[in-house]
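Take a look at the structure below.
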Amino acid sequence: MSKTIITVGKWITILVIVLAAIAWLVLASPVFSSVRKSMVETLLSNQIGQAFEISGDVRITPRRIARLHISEAQIPSTTIDGVILAELGLLELDLDLPAILAGRIGLDNLVIDGLQTKLITTQDGTTSWVKSQATPDKPEAETEKGEENEGSILTFLSTKTITFTNLGLLIENQTSGFTFDFALGNAQLEQQEGGQLATFKGKGTVNEEEFELTGNYPRDAPFTHNVSFGQIELTFNGETIPETEGGGYFAQLELDTGEIGEIFDIFGLKRSIEGNGDLSARITRQQGLLAVEGLSSRFDLSEGQEINISGDIGNVHTRENVDVRIDARLHPEGAPPAKAESLKDLKLAGINTRIVSDADGLEFDELIILTNAFEQGLDRVGPITIGKLYRSPDETLGVREITLQVGPLEDPYVTAAGSVGDVFKFKDVSFDGTLSGPSSLLLKALSEEDAARFGRVSAEFAISDASGALGLEQLSARAEDTDLWSFEADVSAEDVAKLGKVIASLNFGISDPETFLTALQVDPVKVGALDLALDVKTEGPDIDFAAAFKAGGSDISTNVSFDLSQDINVIRGAIESGRMQLADIRDGTKAIVAISKSNDARKSEEPEEKAEEPAPDDGKPPLQPLVLKDEEQGLLSPKRILTKTDLDISVELKEFVGDKGVSSMSSRLVADQGQIEAGPMELHYGNGFFKVHADMDAVNNPELLNIDGATSGWDFGNILDAVGLGIQASGTLGASFDVSGNITSGKQFARSLAGSASVNMGNGKIATSLLELAGLGVFPWLFSQERSAGETEIVCVRAPVRINAGRVGFDQVVVETRSVQLVARGEVNWVGDTISVRAEPRRVGKPLSRSAWPISVSGKLSDPKFKPDVGGSRSKRADGADQMPDDRKPCVPDIFQLE
């Protein structure tokens, strides 16, 4: 019996030794390397949920807790061909063999060296890893916990103690353009306190920028994160939410940016701004929810700008319950940009807005844009949706799939979609959109009941900076669904800011202005059809402008060209009219003015809104409007235009139709570096002729205007009718003048006017013989030829006057008939409102005889007193001369002709 037992014992011992040898051979001998690889590949593939392939060696140190050594392993991507999700040089880990024999898998104490992981997202959204999928009855958070043979890499790592060396992680998103290249020299994920606490410590670089991360993750207790990137400090501390409450976590985010430029470096972007800032917010993360509460941030930029952002976001994923306030001051405090004198000087000074969520996206509840030219509030911009943020090939932050609208939600006036390639510098911009709305968008005076009669306004537009500057590639607008008016506009501008390469045309027409104005609820004007056409074209420093206006049967057009390439701007142009009728132009202009004022009329009928409280005085200088009040500096300052241009404009009216006949007019305006000359302006009106010339020195004496000219051919009888005297008369009046005055204001011009003028007339008649009565006396007059004819022949009139600072003086005004010469002298002061004139009629050639009825006019010019000198008066020459010459000259005072 004992021999049998001994024999059995030997065989058992031998069997154990053989089995041990076989086990050792299987676990350690190179002969069974492929078997070990297959076993370990299956084991780890089940653990991580993806294929685990070994191309190197697998060795196991046999003991109760065996040590597994794996070299040169990799995890291929199952979704992207040719991509290795992860590969490593060495993996060591502990195997709990009894647990494995019992059907349980126990792995821990991993050492990973040379692990290189690639998390890639392709253009079509495919990822190099397999995303976890939550079943309908099992939330994603529960799925991520993993089950036997169903897990993920993150789940596998979360419960292990792991030491990393030479770790690399590449996150490449080809749809957004962002790449994050992490390199960890060493890092450790450690399980402590019996698995109740996991800690992580690591140092390395991301996109070659150094960082350090420490994290503590206790089970069922608050967790902490501390991350530093150079000067950037970030903490993210919070607590997990129990599964019974939906799972997830909430945390407090605190960020101190240090130098903001480092953030651009981390994200692989060009440094667009410099400065520092801070940010804080409370984050809640649950299944389908990412909420941001109490967002508060302030950024102080290197050039003195300040940006403040505050508010709440109910859910980042769905953009629900968004209420964010942005206040940006884009200049140093107390030092706004200088007032703009031209579009090229226009600068953005600030932005104030509130962004709120809407059923269709985001919208600006209010948007105030501050510049050094204007301030404009837009109370309805949005909703705005933003598709994707991305990093461009030029290392800028861009935004794709932006959509926005302006106006009522149910029927917006403007809709647009596009992208911005550089958000911070607003470059690589492309937007296309449409405008459609009632005509009241342009004609704001329309009431709701009248708006339908005026149709709608529609437009398409495209904005882009593909040419290197922000340009309006296309704007085509028109009026539709109405026969009351027509409107068409086409505009393009290669550079909006500098108005570079602008091509614009505008056509506006009204077939029945009276009906049109009645609908606008303003006083109608009776005039024929109105048409207005404008065309503008700019090419570099050259600008061409054309305008045409038609009213009834009249037309007027202008063509002006500007050459701004020279030191002194050159302007050439012409104003022409084939036919101009005073009534047409007058009534057409009234109609245009009535339309332009109709908006003000409507506004005055609206109830006044409560006046806003005045803004507190913060010591900052106010922002200036683009059109400046200072005439010396304003964009449209006459002095600026006339002193810095070489201007030559001609005027030609071929047929000027008035109430009494047809005329023509030609003129010219020339300004050459401040030396200004206008005219001669020549006007022919029937038999009348008017010629005027003006000049000034806008450089050395810019306040003084000189005017000289002459006129002739005007009917004396028509003039008497025009002033309401009702006396039949005939004759041809002429005049000449040479005056100058201060043009600072109209009142100053009247006060300072100085120079000379002369009025003359010859071969006329007047239906009265009172002048003969006053010069001949009663009895000679009774028997005179003029009394019996009932009219007096006027041989001539000559009235030279002196003008000085509002005073008109004269001493040789002569009105002469065949028998009588009337000589007047005196002064009229329109500034002082006084008059002092004496007129003495005498027989022709008898200057020393008694004047029977001399007249004096004195007192106020506005209320003169007339006084006849009863008894008459006599004159004499101081030198005793008393003989008239044989060659007496008409219309020269006889007393001055005596010898």
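Chain lettering (A, B, ...) mirrors the order of the structure tokens, residue numbering begins at 1 for each chain separately, and ligand numbering begins at 1 in order of display.
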
Neighbour list for Glu239 (chain A) as a PDB file with all heavy atoms, in the first residue's frame, cut-off 9 Å, only C-alpha atoms, skip fewer than 6 positions in-chain:
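What ended up in part.pdb:
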```
ATOM      1  N   ASP A 220     -17.044  60.320  -4.162  1.00  0.00           N
ATOM      2  CA  ASP A 220     -18.131  60.918  -3.384  1.00  0.00           C
ATOM      3  C   ASP A 220     -17.674  62.105  -2.550  1.00  0.00           C
ATOM      4  O   ASP A 220     -18.129  62.301  -1.417  1.00  0.00           O
ATOM      5  CB  ASP A 220     -18.773  59.850  -2.475  1.00  0.00           C
ATOM      6  CG  ASP A 220     -19.292  58.667  -3.260  1.00  0.00           C
ATOM      7  OD1 ASP A 220     -19.823  58.883  -4.374  1.00  0.00           O
ATOM      8  OD2 ASP A 220     -19.157  57.523  -2.779  1.00  0.00           O
ATOM      9  N   ALA A 221     -16.764  62.892  -3.057  1.00  0.00           N
ATOM     10  CA  ALA A 221     -16.276  64.091  -2.360  1.00  0.00           C
ATOM     11  C   ALA A 221     -15.847  65.109  -3.416  1.00  0.00           C
ATOM     12  O   ALA A 221     -15.638  64.759  -4.579  1.00  0.00           O
ATOM     13  CB  ALA A 221     -15.111  63.735  -1.434  1.00  0.00           C
ATOM     14  N   PRO A 222     -15.703  66.404  -3.042  1.00  0.00           N
ATOM     15  CA  PRO A 222     -15.308  67.420  -4.018  1.00  0.00           C
ATOM     16  C   PRO A 222     -13.968  67.106  -4.672  1.00  0.00           C
ATOM     17  O   PRO A 222     -13.055  66.592  -4.039  1.00  0.00           O
ATOM     18  CB  PRO A 222     -15.233  68.702  -3.184  1.00  0.00           C
ATOM     19  CG  PRO A 222     -16.166  68.456  -2.040  1.00  0.00           C
ATOM     20  CD  PRO A 222     -16.022  67.000  -1.726  1.00  0.00           C
ATOM     21  N   PHE A 223     -13.853  67.446  -5.953  1.00  0.00           N
ATOM     22  CA  PHE A 223     -12.620  67.258  -6.696  1.00  0.00           C
ATOM     23  C   PHE A 223     -11.976  68.607  -6.984  1.00  0.00           C
ATOM     24  O   PHE A 223     -12.627  69.658  -6.919  1.00  0.00           O
ATOM     25  CB  PHE A 223     -12.879  66.510  -8.006  1.00  0.00           C
ATOM     26  CG  PHE A 223     -13.827  67.207  -8.936  1.00  0.00           C
ATOM     27  CD1 PHE A 223     -13.406  68.227  -9.771  1.00  0.00           C
ATOM     28  CD2 PHE A 223     -15.174  66.840  -8.977  1.00  0.00           C
ATOM     29  CE1 PHE A 223     -14.276  68.871 -10.634  1.00  0.00           C
ATOM     30  CE2 PHE A 223     -16.059  67.485  -9.836  1.00  0.00           C
ATOM     31  CZ  PHE A 223     -15.609  68.499 -10.670  1.00  0.00           C
ATOM     32  N   THR A 224     -10.690  68.580  -7.302  1.00  0.00           N
ATOM     33  CA  THR A 224      -9.954  69.806  -7.609  1.00  0.00           C
ATOM     34  C   THR A 224      -9.072  69.583  -8.828  1.00  0.00           C
ATOM     35  O   THR A 224      -8.587  68.486  -9.074  1.00  0.00           O
ATOM     36  CB  THR A 224      -9.066  70.245  -6.429  1.00  0.00           C
ATOM     37  OG1 THR A 224      -8.080  69.245  -6.184  1.00  0.00           O
ATOM     38  CG2 THR A 224      -9.888  70.477  -5.171  1.00  0.00           C
ATOM     39  N   GLY A 248     -23.251  63.609 -13.333  1.00  0.00           N
ATOM     40  CA  GLY A 248     -22.527  64.775 -13.801  1.00  0.00           C
ATOM     41  C   GLY A 248     -21.797  65.469 -12.682  1.00  0.00           C
ATOM     42  O   GLY A 248     -21.447  64.850 -11.667  1.00  0.00           O
ATOM     43  N   TYR A 249     -21.580  66.764 -12.825  1.00  0.00           N
ATOM     44  CA  TYR A 249     -20.865  67.520 -11.796  1.00  0.00           C
ATOM     45  C   TYR A 249     -21.190  69.000 -11.935  1.00  0.00           C
ATOM     46  O   TYR A 249     -21.714  69.458 -12.942  1.00  0.00           O
ATOM     47  CB  TYR A 249     -19.350  67.325 -11.926  1.00  0.00           C
ATOM     48  CG  TYR A 249     -18.763  67.857 -13.204  1.00  0.00           C
ATOM     49  CD1 TYR A 249     -18.417  69.209 -13.328  1.00  0.00           C
ATOM     50  CD2 TYR A 249     -18.553  67.028 -14.300  1.00  0.00           C
ATOM     51  CE1 TYR A 249     -17.896  69.705 -14.508  1.00  0.00           C
ATOM     52  CE2 TYR A 249     -18.030  67.523 -15.487  1.00  0.00           C
ATOM     53  CZ  TYR A 249     -17.692  68.860 -15.585  1.00  0.00           C
ATOM     54  OH  TYR A 249     -17.181  69.346 -16.752  1.00  0.00           O
ATOM     55  N   PHE A 250     -20.871  69.744 -10.882  1.00  0.00           N
ATOM     56  CA  PHE A 250     -20.833  71.197 -10.984  1.00  0.00           C
ATOM     57  C   PHE A 250     -19.497  71.653 -10.418  1.00  0.00           C
ATOM     58  O   PHE A 250     -18.929  71.010  -9.528  1.00  0.00           O
ATOM     59  CB  PHE A 250     -22.011  71.863 -10.259  1.00  0.00           C
ATOM     60  CG  PHE A 250     -22.059  71.614  -8.779  1.00  0.00           C
ATOM     61  CD1 PHE A 250     -21.284  72.366  -7.901  1.00  0.00           C
ATOM     62  CD2 PHE A 250     -22.890  70.624  -8.255  1.00  0.00           C
ATOM     63  CE1 PHE A 250     -21.342  72.138  -6.536  1.00  0.00           C
ATOM     64  CE2 PHE A 250     -22.935  70.396  -6.897  1.00  0.00           C
ATOM     65  CZ  PHE A 250     -22.171  71.146  -6.025  1.00  0.00           C
ATOM     66  N   ALA A 251     -18.971  72.762 -10.965  1.00  0.00           N
ATOM     67  CA  ALA A 251     -17.642  73.213 -10.582  1.00  0.00           C
ATOM     68  C   ALA A 251     -17.535  74.726 -10.743  1.00  0.00           C
ATOM     69  O   ALA A 251     -18.261  75.339 -11.526  1.00  0.00           O
ATOM     70  CB  ALA A 251     -16.578  72.524 -11.434  1.00  0.00           C
TER      71      ALA A 251
END
```

Near Ile70 (chain A), within 12 Å and counting only C-alpha atoms, which residues show up once chain neighbours fewer than 6 positions away are dropped, as an NGL selection string? :A and (33 or 36-37 or 40-41 or 44 or 52-61 or 87-94 or 110-113)

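Atom pair CA of Pro893 (chain A) / CA of Lys846 (chain A) has a distance of 10.4 Å (rounded to one decimal).
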
Which neighbours of region 790-803 of chain A fall inside 6 Å, counting only C-alpha atoms, when residues of the same chain fewer than 3 positions from it are skipped, and could you give them as a PDB file with C-alpha atoms, in the first residue's frame?
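Result file selection03.pdb:
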```pdb
ATOM      1  CA  ALA A 754     -18.697 149.212 -50.556  1.00  0.00           C
ATOM      2  CA  GLY A 755     -18.149 150.309 -54.149  1.00  0.00           C
ATOM      3  CA  SER A 756     -20.046 152.073 -56.893  1.00  0.00           C
ATOM      4  CA  ALA A 757     -23.035 151.534 -59.162  1.00  0.00           C
ATOM      5  CA  SER A 758     -24.822 153.340 -61.948  1.00  0.00           C
ATOM      6  CA  VAL A 759     -28.307 153.047 -63.487  1.00  0.00           C
ATOM      7  CA  ASN A 760     -29.164 154.512 -66.869  1.00  0.00           C
ATOM      8  CA  MET A 761     -32.068 154.620 -69.327  1.00  0.00           C
ATOM      9  CA  GLY A 762     -32.729 156.282 -72.650  1.00  0.00           C
ATOM     10  CA  ASN A 763     -35.546 156.838 -75.153  1.00  0.00           C
ATOM     11  CA  GLY A 764     -38.376 156.162 -72.780  1.00  0.00           C
ATOM     12  CA  LYS A 765     -41.836 157.420 -71.936  1.00  0.00           C
ATOM     13  CA  ILE A 766     -43.991 157.628 -68.854  1.00  0.00           C
ATOM     14  CA  ALA A 767     -47.753 158.249 -68.696  1.00  0.00           C
ATOM     15  CA  THR A 768     -47.581 161.356 -66.492  1.00  0.00           C
ATOM     16  CA  SER A 769     -46.573 164.996 -66.894  1.00  0.00           C
ATOM     17  CA  GLU A 786     -46.771 166.688 -72.611  1.00  0.00           C
ATOM     18  CA  ARG A 787     -49.932 167.696 -70.725  1.00  0.00           C
ATOM     19  CA  ARG A 807     -24.599 153.940 -47.052  1.00  0.00           C
ATOM     20  CA  VAL A 808     -25.534 154.969 -50.593  1.00  0.00           C
ATOM     21  CA  GLY A 809     -24.522 158.517 -51.475  1.00  0.00           C
ATOM     22  CA  PHE A 810     -25.184 160.406 -54.706  1.00  0.00           C
ATOM     23  CA  VAL A 813     -28.628 161.542 -60.201  1.00  0.00           C
ATOM     24  CA  VAL A 814     -30.332 162.953 -63.304  1.00  0.00           C
ATOM     25  CA  VAL A 815     -33.722 162.283 -64.939  1.00  0.00           C
ATOM     26  CA  GLU A 816     -34.137 164.342 -68.106  1.00  0.00           C
ATOM     27  CA  THR A 817     -37.079 164.999 -70.438  1.00  0.00           C
TER      28      THR A 817
END
```

Just want the 9 Å neighbourhood of region 859-869 of chain A, counted on only C-alpha atoms, with same-chain residues fewer than 4 positions away dropped. Output as a ChimeraX atom specification. /A:828-830,832-836,852-855,873

If you count only C-alpha atoms, the residue of A:Ile80, A:Ile369, A:Ile649, A:Val657 closest to Ile120 (chain A) turns out to be A:Ile80

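The interatomic distance for the pair CA of Val206 (chain A) and CA of Leu167 (chain A) works out to 11.8 Å.
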
Among region 252-422 of chain A, which ones does DSSP assign to helix (DSSP H, G or I) (computed from the backbone)? Answer as an MDAnalysis selection string. chainID A and resid 261:266 343:345

Compile the contact shell of Asp894 (chain A) as a list in words: residues with an atom at most 9 Å away, counting only C-alpha atoms, same-chain residues fewer than 5 positions apart removed. Gln821, Val844, Gly845, Lys846, Pro847, Leu848, Met884, Arg888 and Lys889 of chain A

Write a file of the selected residues as a compact mmCIF listing (two decimals), in the first residue's frame, keeping C-alpha atoms.
```
# COMPACT_ATOMS: atom_id res chain seq x y z
CA GLN A 821 -33.86 168.13 -65.94
CA VAL A 844 -33.26 172.07 -69.51
CA GLY A 845 -30.28 174.43 -69.91
CA LYS A 846 -31.48 176.72 -67.08
CA PRO A 847 -29.63 175.43 -63.98
CA LEU A 848 -29.57 178.86 -62.31
CA MET A 884 -24.37 176.89 -71.16
CA ARG A 888 -24.50 170.61 -73.98
CA LYS A 889 -24.50 166.91 -72.87
```

Give the answer as one residue: which of A:Ala452, A:Ala328, A:Met39, A:Ile162 has the shortest atom-to-atom distance to Asn186 (chain A), using only C-alpha atoms? A:Ile162

Which residue, A:Val292, A:Ile241, A:Ala591, A:Leu234, has the smallest gap to Asp278 (chain A) when you use only C-alpha atoms? A:Leu234

Within 7 Å of Lys644 (chain A) using only C-alpha atoms, minus same-chain residues under 5 positions, as an MDAnalysis selection string: chainID A and resid 568:569 673:674

Using only C-alpha atoms, determine which residues lie at most 10 Å from Arg668 (chain A), disregarding the query and same-chain residues fewer than 5 positions distant; provide the list as an NGL selection string. :A and (573-575 or 648-652 or 677-682 or 693)

Which is closest to Asp300 (chain A) among A:Gly49, A:Gly268, A:Pro98, A:Gly258, if we use only C-alpha atoms?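 Closest to Asp300 (chain A) of all the choices is A:Gly258.
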
Separating CA of Asn315 (chain A) from CA of Leu389 (chain A), to the nearest tenth of an Å, is a gap of 17.7 Å
